[in-house]
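Okay, final28.pdb now, which holds PDB, N, CA, C and O atoms:
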ATOM      1  N   VAL Z   1      59.719   0.843  -0.104
ATOM      2  CA  VAL Z   1      61.153   0.873   0.115
ATOM      3  C   VAL Z   1      61.442   0.065   1.377
ATOM      4  O   VAL Z   1      60.839   0.314   2.418
ATOM      5  N   PRO Z   2      62.339  -0.892   1.314
ATOM      6  CA  PRO Z   2      62.661  -1.689   2.502
ATOM      7  C   PRO Z   2      63.321  -0.841   3.600
ATOM      8  O   PRO Z   2      64.096   0.062   3.308
ATOM      9  N   LEU Z   3      63.017  -1.165   4.835
ATOM     10  CA  LEU Z   3      63.610  -0.464   5.975
ATOM     11  C   LEU Z   3      64.835  -1.207   6.484
ATOM     12  O   LEU Z   3      64.902  -2.429   6.427
ATOM     13  N   SER Z   4      65.775  -0.446   7.030
ATOM     14  CA  SER Z   4      66.912  -1.029   7.740
ATOM     15  C   SER Z   4      66.434  -1.471   9.118
ATOM     16  O   SER Z   4      65.327  -1.124   9.544
ATOM     17  N   ALA Z   5      67.264  -2.207   9.822
ATOM     18  CA  ALA Z   5      66.911  -2.692  11.153
ATOM     19  C   ALA Z   5      66.558  -1.541  12.108
ATOM     20  O   ALA Z   5      65.713  -1.691  12.985
ATOM     21  N   ASP Z   6      67.192  -0.384  11.930
ATOM     22  CA  ASP Z   6      66.922   0.753  12.822
ATOM     23  C   ASP Z   6      65.739   1.608  12.355
ATOM     24  O   ASP Z   6      65.459   2.652  12.925
ATOM     25  N   GLY Z   7      65.054   1.183  11.280
ATOM     26  CA  GLY Z   7      63.869   1.907  10.816
ATOM     27  C   GLY Z   7      64.142   2.972   9.777
ATOM     28  O   GLY Z   7      63.222   3.635   9.313
ATOM     29  N   THR Z   8      65.387   3.167   9.400
ATOM     30  CA  THR Z   8      65.710   4.155   8.373
ATOM     31  C   THR Z   8      65.616   3.511   6.992
ATOM     32  O   THR Z   8      65.564   2.294   6.859
ATOM     33  N   PHE Z   9      65.602   4.341   5.972
ATOM     34  CA  PHE Z   9      65.578   3.832   4.610
ATOM     35  C   PHE Z   9      66.370   4.756   3.697
ATOM     36  O   PHE Z   9      66.695   5.878   4.061
ATOM     37  N   ARG Z  10      66.625   4.252   2.504
ATOM     38  CA  ARG Z  10      67.390   5.016   1.537
ATOM     39  C   ARG Z  10      66.840   4.730   0.141
ATOM     40  O   ARG Z  10      66.547   3.584  -0.186
ATOM     41  N   VAL Z  11      66.693   5.781  -0.658
ATOM     42  CA  VAL Z  11      66.201   5.619  -2.024
ATOM     43  C   VAL Z  11      66.828   6.699  -2.893
ATOM     44  O   VAL Z  11      67.065   7.811  -2.429
ATOM     45  N   GLN Z  12      67.141   6.355  -4.124
ATOM     46  CA  GLN Z  12      67.671   7.341  -5.069
ATOM     47  C   GLN Z  12      66.562   7.748  -6.014
ATOM     48  O   GLN Z  12      65.813   6.895  -6.503
ATOM     49  N   VAL Z  13      66.452   9.049  -6.244
ATOM     50  CA  VAL Z  13      65.446   9.574  -7.158
ATOM     51  C   VAL Z  13      66.109  10.544  -8.126
ATOM     52  O   VAL Z  13      67.114  11.173  -7.792
ATOM     53  N   PRO Z  14      65.559  10.697  -9.329
ATOM     54  CA  PRO Z  14      66.145  11.636 -10.285
ATOM     55  C   PRO Z  14      65.994  13.071  -9.784
ATOM     56  O   PRO Z  14      65.032  13.397  -9.088
ATOM     57  N   PHE Z  15      66.929  13.902 -10.127
ATOM     58  CA  PHE Z  15      66.907  15.297  -9.710
ATOM     59  C   PHE Z  15      67.184  16.171 -10.932
ATOM     60  O   PHE Z  15      68.244  16.733 -11.099
ATOM     61  N   ARG Z  16      66.185  16.240 -11.819
ATOM     62  CA  ARG Z  16      66.303  17.006 -13.059
ATOM     63  C   ARG Z  16      66.027  18.488 -12.806
ATOM     64  O   ARG Z  16      65.567  18.865 -11.745
ATOM     65  N   ASP Z  17      66.290  19.298 -13.808
ATOM     66  CA  ASP Z  17      65.952  20.712 -13.711
ATOM     67  C   ASP Z  17      64.439  20.878 -13.587
ATOM     68  O   ASP Z  17      63.664  20.082 -14.112
ATOM     69  N   GLY Z  18      64.031  21.925 -12.901
ATOM     70  CA  GLY Z  18      62.615  22.221 -12.721
ATOM     71  C   GLY Z  18      62.143  21.853 -11.331
ATOM     72  O   GLY Z  18      62.934  21.532 -10.450
ATOM     73  N   GLN Z  19      60.851  21.917 -11.142
ATOM     74  CA  GLN Z  19      60.252  21.608  -9.851
ATOM     75  C   GLN Z  19      60.112  20.094  -9.699
ATOM     76  O   GLN Z  19      59.672  19.410 -10.616
ATOM     77  N   GLN Z  20      60.473  19.590  -8.540
ATOM     78  CA  GLN Z  20      60.347  18.178  -8.222
ATOM     79  C   GLN Z  20      59.513  18.056  -6.956
ATOM     80  O   GLN Z  20      59.806  18.697  -5.948
ATOM     81  N   LEU Z  21      58.458  17.254  -7.018
ATOM     82  CA  LEU Z  21      57.630  16.984  -5.851
ATOM     83  C   LEU Z  21      57.753  15.503  -5.526
ATOM     84  O   LEU Z  21      57.525  14.657  -6.390
ATOM     85  N   TYR Z  22      58.107  15.198  -4.299
ATOM     86  CA  TYR Z  22      58.256  13.811  -3.857
ATOM     87  C   TYR Z  22      57.353  13.567  -2.656
ATOM     88  O   TYR Z  22      57.713  13.865  -1.523
ATOM     89  N   PRO Z  23      56.149  13.027  -2.900
ATOM     90  CA  PRO Z  23      55.287  12.676  -1.763
ATOM     91  C   PRO Z  23      55.814  11.405  -1.091
ATOM     92  O   PRO Z  23      56.139  10.434  -1.759
ATOM     93  N   ILE Z  24      55.924  11.439   0.218
ATOM     94  CA  ILE Z  24      56.462  10.317   0.981
ATOM     95  C   ILE Z  24      55.446   9.939   2.054
ATOM     96  O   ILE Z  24      54.944  10.810   2.764
ATOM     97  N   GLU Z  25      55.144   8.646   2.157
ATOM     98  CA  GLU Z  25      54.228   8.168   3.191
ATOM     99  C   GLU Z  25      54.838   6.952   3.879
ATOM    100  O   GLU Z  25      55.332   6.046   3.211
ATOM    101  N   ALA Z  26      54.802   6.961   5.189
ATOM    102  CA  ALA Z  26      55.272   5.817   5.978
ATOM    103  C   ALA Z  26      54.061   5.203   6.673
ATOM    104  O   ALA Z  26      53.224   5.916   7.233
ATOM    105  N   VAL Z  27      53.973   3.885   6.601
ATOM    106  CA  VAL Z  27      52.861   3.168   7.213
ATOM    107  C   VAL Z  27      53.440   2.092   8.130
ATOM    108  O   VAL Z  27      54.322   1.337   7.721
ATOM    109  N   ALA Z  28      52.948   2.038   9.362
ATOM    110  CA  ALA Z  28      53.392   1.016  10.315
ATOM    111  C   ALA Z  28      53.032  -0.367   9.778
ATOM    112  O   ALA Z  28      52.098  -0.531   8.993
ATOM    113  N   ALA Z  29      53.782  -1.366  10.200
ATOM    114  CA  ALA Z  29      53.569  -2.739   9.740
ATOM    115  C   ALA Z  29      52.127  -3.207   9.987
ATOM    116  O   ALA Z  29      51.566  -3.943   9.174
ATOM    117  N   ASP Z  30      51.528  -2.750  11.074
ATOM    118  CA  ASP Z  30      50.144  -3.157  11.370
ATOM    119  C   ASP Z  30      49.114  -2.287  10.652
ATOM    120  O   ASP Z  30      47.909  -2.510  10.754
ATOM    121  N   GLY Z  31      49.570  -1.259   9.930
ATOM    122  CA  GLY Z  31      48.675  -0.386   9.182
ATOM    123  C   GLY Z  31      47.928   0.627  10.023
ATOM    124  O   GLY Z  31      47.138   1.408   9.507
ATOM    125  N   GLU Z  32      48.179   0.656  11.319
ATOM    126  CA  GLU Z  32      47.441   1.543  12.223
ATOM    127  C   GLU Z  32      47.935   2.988  12.185
ATOM    128  O   GLU Z  32      47.155   3.910  12.356
ATOM    129  N   GLN Z  33      49.220   3.181  12.007
ATOM    130  CA  GLN Z  33      49.778   4.532  12.036
ATOM    131  C   GLN Z  33      50.342   4.892  10.674
ATOM    132  O   GLN Z  33      50.943   4.066   9.996
ATOM    133  N   LYS Z  34      50.141   6.166  10.284
ATOM    134  CA  LYS Z  34      50.670   6.671   9.021
ATOM    135  C   LYS Z  34      51.256   8.057   9.235
ATOM    136  O   LYS Z  34      50.751   8.827  10.053
ATOM    137  N   ARG Z  35      52.275   8.354   8.516
ATOM    138  CA  ARG Z  35      52.873   9.689   8.498
ATOM    139  C   ARG Z  35      53.160  10.018   7.040
ATOM    140  O   ARG Z  35      53.568   9.144   6.268
ATOM    141  N   SER Z  36      52.981  11.286   6.671
ATOM    142  CA  SER Z  36      53.286  11.659   5.286
ATOM    143  C   SER Z  36      53.865  13.062   5.222
ATOM    144  O   SER Z  36      53.650  13.889   6.116
ATOM    145  N   ILE Z  37      54.599  13.297   4.162
ATOM    146  CA  ILE Z  37      55.210  14.598   3.903
ATOM    147  C   ILE Z  37      55.448  14.686   2.398
ATOM    148  O   ILE Z  37      55.627  13.665   1.734
ATOM    149  N   THR Z  38      55.396  15.881   1.870
ATOM    150  CA  THR Z  38      55.758  16.086   0.468
ATOM    151  C   THR Z  38      56.977  16.995   0.445
ATOM    152  O   THR Z  38      56.926  18.114   0.952
ATOM    153  N   MET Z  39      58.053  16.485  -0.120
ATOM    154  CA  MET Z  39      59.283  17.267  -0.246
ATOM    155  C   MET Z  39      59.251  17.960  -1.601
ATOM    156  O   MET Z  39      58.945  17.331  -2.618
ATOM    157  N   GLU Z  40      59.555  19.240  -1.622
ATOM    158  CA  GLU Z  40      59.568  20.007  -2.873
ATOM    159  C   GLU Z  40      60.964  20.569  -3.087
ATOM    160  O   GLU Z  40      61.546  21.155  -2.175
ATOM    161  N   PHE Z  41      61.483  20.370  -4.289
ATOM    162  CA  PHE Z  41      62.797  20.887  -4.658
ATOM    163  C   PHE Z  41      62.688  21.600  -5.990
ATOM    164  O   PHE Z  41      61.870  21.247  -6.831
ATOM    165  N   ARG Z  42      63.529  22.581  -6.185
ATOM    166  CA  ARG Z  42      63.655  23.242  -7.488
ATOM    167  C   ARG Z  42      65.131  23.229  -7.869
ATOM    168  O   ARG Z  42      65.982  23.542  -7.045
ATOM    169  N   ARG Z  43      65.385  22.874  -9.113
ATOM    170  CA  ARG Z  43      66.766  22.852  -9.579
ATOM    171  C   ARG Z  43      66.840  23.605 -10.892
ATOM    172  O   ARG Z  43      65.988  23.474 -11.756
ATOM    173  N   SER Z  44      67.900  24.390 -11.036
ATOM    174  CA  SER Z  44      68.145  25.120 -12.267
ATOM    175  C   SER Z  44      69.638  25.057 -12.556
ATOM    176  O   SER Z  44      70.435  25.627 -11.822
ATOM    177  N   THR Z  45      70.001  24.347 -13.606
ATOM    178  CA  THR Z  45      71.406  24.267 -13.996
ATOM    179  C   THR Z  45      71.723  25.533 -14.793
ATOM    180  O   THR Z  45      71.147  25.751 -15.863
ATOM    181  N   PRO Z  46      72.611  26.385 -14.309
ATOM    182  CA  PRO Z  46      72.830  27.676 -14.944
ATOM    183  C   PRO Z  46      73.468  27.600 -16.326
ATOM    184  O   PRO Z  46      73.188  28.419 -17.177
ATOM    185  N   GLU Z  47      74.329  26.624 -16.558
ATOM    186  CA  GLU Z  47      75.034  26.562 -17.831
ATOM    187  C   GLU Z  47      75.494  25.136 -18.078
ATOM    188  O   GLU Z  47      75.963  24.456 -17.175
ATOM    189  N   ASP Z  48      75.379  24.714 -19.326
ATOM    190  CA  ASP Z  48      75.824  23.373 -19.698
ATOM    191  C   ASP Z  48      77.260  23.472 -20.195
ATOM    192  O   ASP Z  48      77.513  24.037 -21.258
ATOM    193  N   ASN Z  49      78.206  22.952 -19.415
ATOM    194  CA  ASN Z  49      79.620  23.004 -19.789
ATOM    195  C   ASN Z  49      80.135  21.666 -20.292
ATOM    196  O   ASN Z  49      81.325  21.387 -20.211
ATOM    197  N   SER Z  50      79.232  20.840 -20.814
ATOM    198  CA  SER Z  50      79.666  19.531 -21.286
ATOM    199  C   SER Z  50      80.380  19.656 -22.627
ATOM    200  O   SER Z  50      80.254  20.645 -23.338
ATOM    201  N   ASN Z  51      81.133  18.629 -22.958
ATOM    202  CA  ASN Z  51      81.873  18.602 -24.211
ATOM    203  C   ASN Z  51      81.328  17.447 -25.049
ATOM    204  O   ASN Z  51      81.777  16.317 -24.912
ATOM    205  N   PRO Z  52      80.342  17.728 -25.933
ATOM    206  CA  PRO Z  52      79.755  16.642 -26.715
ATOM    207  C   PRO Z  52      80.755  16.043 -27.707
ATOM    208  O   PRO Z  52      81.719  16.701 -28.119
ATOM    209  N   ALA Z  53      80.520  14.801 -28.086
ATOM    210  CA  ALA Z  53      81.420  14.093 -29.011
ATOM    211  C   ALA Z  53      81.596  14.867 -30.311
ATOM    212  O   ALA Z  53      82.678  14.848 -30.912
ATOM    213  N   SER Z  54      80.574  15.582 -30.761
ATOM    214  CA  SER Z  54      80.668  16.335 -32.022
ATOM    215  C   SER Z  54      81.681  17.473 -31.962
ATOM    216  O   SER Z  54      82.148  17.960 -32.977
ATOM    217  N   GLN Z  55      82.065  17.881 -30.748
ATOM    218  CA  GLN Z  55      83.038  18.973 -30.591
ATOM    219  C   GLN Z  55      84.407  18.452 -30.121
ATOM    220  O   GLN Z  55      85.315  19.239 -29.897
ATOM    221  N   ALA Z  56      84.547  17.155 -29.998
ATOM    222  CA  ALA Z  56      85.802  16.587 -29.518
ATOM    223  C   ALA Z  56      86.904  16.797 -30.554
ATOM    224  O   ALA Z  56      86.679  16.736 -31.765
ATOM    225  N   VAL Z  57      88.126  17.049 -30.063
ATOM    226  CA  VAL Z  57      89.279  17.249 -30.931
ATOM    227  C   VAL Z  57      90.329  16.208 -30.559
ATOM    228  O   VAL Z  57      90.673  16.069 -29.394
ATOM    229  N   ALA Z  58      90.815  15.509 -31.568
ATOM    230  CA  ALA Z  58      91.870  14.519 -31.315
ATOM    231  C   ALA Z  58      93.152  15.251 -30.943
ATOM    232  O   ALA Z  58      93.520  16.247 -31.548
ATOM    233  N   GLU Z  59      93.825  14.782 -29.911
ATOM    234  CA  GLU Z  59      95.066  15.409 -29.450
ATOM    235  C   GLU Z  59      96.169  14.380 -29.401
ATOM    236  O   GLU Z  59      95.933  13.201 -29.175
ATOM    237  N   TRP Z  60      97.384  14.824 -29.602
ATOM    238  CA  TRP Z  60      98.553  13.974 -29.525
ATOM    239  C   TRP Z  60      99.254  14.236 -28.201
ATOM    240  O   TRP Z  60      99.555  15.372 -27.848
ATOM    241  N   PHE Z  61      99.483  13.200 -27.446
ATOM    242  CA  PHE Z  61     100.136  13.372 -26.148
ATOM    243  C   PHE Z  61     101.515  12.825 -26.213
ATOM    244  O   PHE Z  61     101.827  11.830 -26.748
TER     245      PHE Z  61
END
Here is a file; write its structure as structure tokens.
Amino acid sequence: VPLSADGTFRVQVPFRDGQQLYPIEAVAADGEQKRSITMEFRRSTPEDNSNPASQAVAEWF
């Protein structure tokens, strides 16, 4: 992931239901220093309130 001038970075990752493990490692440009962390998330969508096309009703406005 490319770094910004101030050393920060940004990345988008999927966040589906269930356990998500994201191992992250940062390595200095010279390869001498490394830091790592694993971020763990759990997501549970309680109810699906979507309206699928098969249930759509034509309305007159």
Evaluate the PyMOL selection byres ((chain Z and resi 16) around 8) against this structure - the residues, as a VMD selection string, please. chain Z and resid 13 to 15 17 to 20 41 to 45
Limited to N, CA, C and O atoms, could you put the picked residues into a file as a PDB file, keeping the file's coordinate frame?
ATOM      1  N   VAL Z  13      66.452   9.049  -6.244  1.00  0.00           N
ATOM      2  CA  VAL Z  13      65.446   9.574  -7.158  1.00  0.00           C
ATOM      3  C   VAL Z  13      66.109  10.544  -8.126  1.00  0.00           C
ATOM      4  O   VAL Z  13      67.114  11.173  -7.792  1.00  0.00           O
ATOM      5  N   PRO Z  14      65.559  10.697  -9.329  1.00  0.00           N
ATOM      6  CA  PRO Z  14      66.145  11.636 -10.285  1.00  0.00           C
ATOM      7  C   PRO Z  14      65.994  13.071  -9.784  1.00  0.00           C
ATOM      8  O   PRO Z  14      65.032  13.397  -9.088  1.00  0.00           O
ATOM      9  N   PHE Z  15      66.929  13.902 -10.127  1.00  0.00           N
ATOM     10  CA  PHE Z  15      66.907  15.297  -9.710  1.00  0.00           C
ATOM     11  C   PHE Z  15      67.184  16.171 -10.932  1.00  0.00           C
ATOM     12  O   PHE Z  15      68.244  16.733 -11.099  1.00  0.00           O
ATOM     13  N   ASP Z  17      66.290  19.298 -13.808  1.00  0.00           N
ATOM     14  CA  ASP Z  17      65.952  20.712 -13.711  1.00  0.00           C
ATOM     15  C   ASP Z  17      64.439  20.878 -13.587  1.00  0.00           C
ATOM     16  O   ASP Z  17      63.664  20.082 -14.112  1.00  0.00           O
ATOM     17  N   GLY Z  18      64.031  21.925 -12.901  1.00  0.00           N
ATOM     18  CA  GLY Z  18      62.615  22.221 -12.721  1.00  0.00           C
ATOM     19  C   GLY Z  18      62.143  21.853 -11.331  1.00  0.00           C
ATOM     20  O   GLY Z  18      62.934  21.532 -10.450  1.00  0.00           O
ATOM     21  N   GLN Z  19      60.851  21.917 -11.142  1.00  0.00           N
ATOM     22  CA  GLN Z  19      60.252  21.608  -9.851  1.00  0.00           C
ATOM     23  C   GLN Z  19      60.112  20.094  -9.699  1.00  0.00           C
ATOM     24  O   GLN Z  19      59.672  19.410 -10.616  1.00  0.00           O
ATOM     25  N   GLN Z  20      60.473  19.590  -8.540  1.00  0.00           N
ATOM     26  CA  GLN Z  20      60.347  18.178  -8.222  1.00  0.00           C
ATOM     27  C   GLN Z  20      59.513  18.056  -6.956  1.00  0.00           C
ATOM     28  O   GLN Z  20      59.806  18.697  -5.948  1.00  0.00           O
ATOM     29  N   PHE Z  41      61.483  20.370  -4.289  1.00  0.00           N
ATOM     30  CA  PHE Z  41      62.797  20.887  -4.658  1.00  0.00           C
ATOM     31  C   PHE Z  41      62.688  21.600  -5.990  1.00  0.00           C
ATOM     32  O   PHE Z  41      61.870  21.247  -6.831  1.00  0.00           O
ATOM     33  N   ARG Z  42      63.529  22.581  -6.185  1.00  0.00           N
ATOM     34  CA  ARG Z  42      63.655  23.242  -7.488  1.00  0.00           C
ATOM     35  C   ARG Z  42      65.131  23.229  -7.869  1.00  0.00           C
ATOM     36  O   ARG Z  42      65.982  23.542  -7.045  1.00  0.00           O
ATOM     37  N   ARG Z  43      65.385  22.874  -9.113  1.00  0.00           N
ATOM     38  CA  ARG Z  43      66.766  22.852  -9.579  1.00  0.00           C
ATOM     39  C   ARG Z  43      66.840  23.605 -10.892  1.00  0.00           C
ATOM     40  O   ARG Z  43      65.988  23.474 -11.756  1.00  0.00           O
ATOM     41  N   SER Z  44      67.900  24.390 -11.036  1.00  0.00           N
ATOM     42  CA  SER Z  44      68.145  25.120 -12.267  1.00  0.00           C
ATOM     43  C   SER Z  44      69.638  25.057 -12.556  1.00  0.00           C
ATOM     44  O   SER Z  44      70.435  25.627 -11.822  1.00  0.00           O
ATOM     45  N   THR Z  45      70.001  24.347 -13.606  1.00  0.00           N
ATOM     46  CA  THR Z  45      71.406  24.267 -13.996  1.00  0.00           C
ATOM     47  C   THR Z  45      71.723  25.533 -14.793  1.00  0.00           C
ATOM     48  O   THR Z  45      71.147  25.751 -15.863  1.00  0.00           O
TER      49      THR Z  45
END
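Put simply, atom CA of Gly7 of chain Z is 14.6 Å away from atom CA of Asp30 of chain Z.
Coordinates place atom CA of Tyr22 of chain Z at a distance of 10.1 Å from atom C of Ser36 of chain Z.
From atom CA of Ser4 of chain Z back to atom CA of Glu32 of chain Z, the distance works out to 20.1 Å.
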Calculated over only C-alpha atoms, which of the candidates Z:Ala26, Z:Leu21, Z:Ala5, Z:Ala53 has the smallest distance to Glu40 of chain Z?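 Once distances to Glu40 of chain Z are computed over only C-alpha atoms, the minimum belongs to Z:Leu21.
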